[in-house]
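In what follows, a single structure is set out as structure tokens and then discussed.
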Amino acid sequence: MVFYAFEILGTFHCLVCVLIAAYGALKRARRTLLFGLCIFNASPIIGESLAYVENGNLVHLIIVLFFIIQVIICLPISVKYNSNNLAAVALSTKIGLAILVGNLCQGSLILSKVLDVPVQFGYFHLSIVLILLYIYIIIYKKENANWY
């Protein structure tokens with residue numbers, strides 16, 4: 001019974017986080033986008049920790065550590081930089097690609113039924129991938145895409 005409640009609350013939590021990240025991407029608000037990504041990436045930490053306690057498989061701990069790293073990367077800190085700082089732009093591009101690939105892999109693992117996770121969470125991971133792809137399309141179509 002507890003797992004059904006966790007699934008319903010987790011689905012609502014992930015939906016809200018994806019909507020926050022999408023709003024941040026559409027409004028080009030970097031801190032809002034990072035806040036949505038950071039809180040979304042905390043969801044698999046809870047779910048995979050419960051799965052590890054349930055069956056003791058070490059794969060769940062690896063996934064937990066991976067998402068802890070993503071939470072740290074996505075923390076919405078107030079660092080000011082613009083497109084003139086090429087090192088910061090290159091670093092943020094690589095970090096964004098790492099988050100994109102990580103969510104793509106996690107979503108594909110869930111949807112291919114390798115992990116015993118409800119499929120809606122796989123779709124949430126893929127929606128984060130689509131949000132990040134949208135950001136990359138905007139950045140590469142416009143040279144001076146301003147983010148606040």
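Residues in the structure tokens are named by chain (A, B, ... in the order shown) and by number from 1 within that chain; ligands are numbered from 1 in the order shown.
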May I have a table of the residues of region 23-127 of chain A lying at most 12 Å from region 12-18 of chain A, giving each one's closest pair of atoms and their distance in Å to one decimal, counting only C-alpha atoms, ordered by chain and ascending residue number, as a tab-separated table?
residue	atom	partner	partner_atom	distance
A:Tyr23	CA	A:Val18	CA	8.5
A:Gly24	CA	A:Val18	CA	9.8
A:Ala25	CA	A:Val18	CA	10.4
A:Thr32	CA	A:Cys17	CA	10.1
A:Leu33	CA	A:Val18	CA	9.1
A:Leu34	CA	A:Cys17	CA	10.1
A:Phe35	CA	A:Cys17	CA	8.2
A:Gly36	CA	A:Cys17	CA	4.8
A:Leu37	CA	A:Cys17	CA	6.9
A:Cys38	CA	A:Cys17	CA	8.6
A:Ile39	CA	A:Cys17	CA	6.5
A:Phe40	CA	A:Cys17	CA	5.4
A:Asn41	CA	A:Cys14	CA	9.0
A:Ala42	CA	A:Cys14	CA	9.6
A:Ser43	CA	A:Cys14	CA	7.3
A:Pro44	CA	A:Cys14	CA	9.8
A:Ile46	CA	A:His13	CA	11.9
A:Gly47	CA	A:Cys14	CA	11.8
A:Gln120	CA	A:Cys14	CA	9.5
A:Phe121	CA	A:Cys14	CA	7.7
A:Gly122	CA	A:Cys14	CA	10.7
A:Tyr123	CA	A:Cys14	CA	10.2
A:Phe124	CA	A:Cys14	CA	6.9
A:His125	CA	A:Val18	CA	8.8
A:Leu126	CA	A:Val18	CA	10.2
A:Ser127	CA	A:Val18	CA	7.3
Original post:
Which of region 7-142 of chain A counts as helix (DSSP H, G or I) under DSSP, as a VMD selection string please?
Top reply: chain A and resid 7 to 27 30 to 55 58 to 73 86 to 111 119 to 141
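Using only C-alpha atoms, the shortest contact distance between Ile63 (chain A) and any of A:Val129, A:Leu97, A:Leu109, A:Ile135 is found at A:Leu109.
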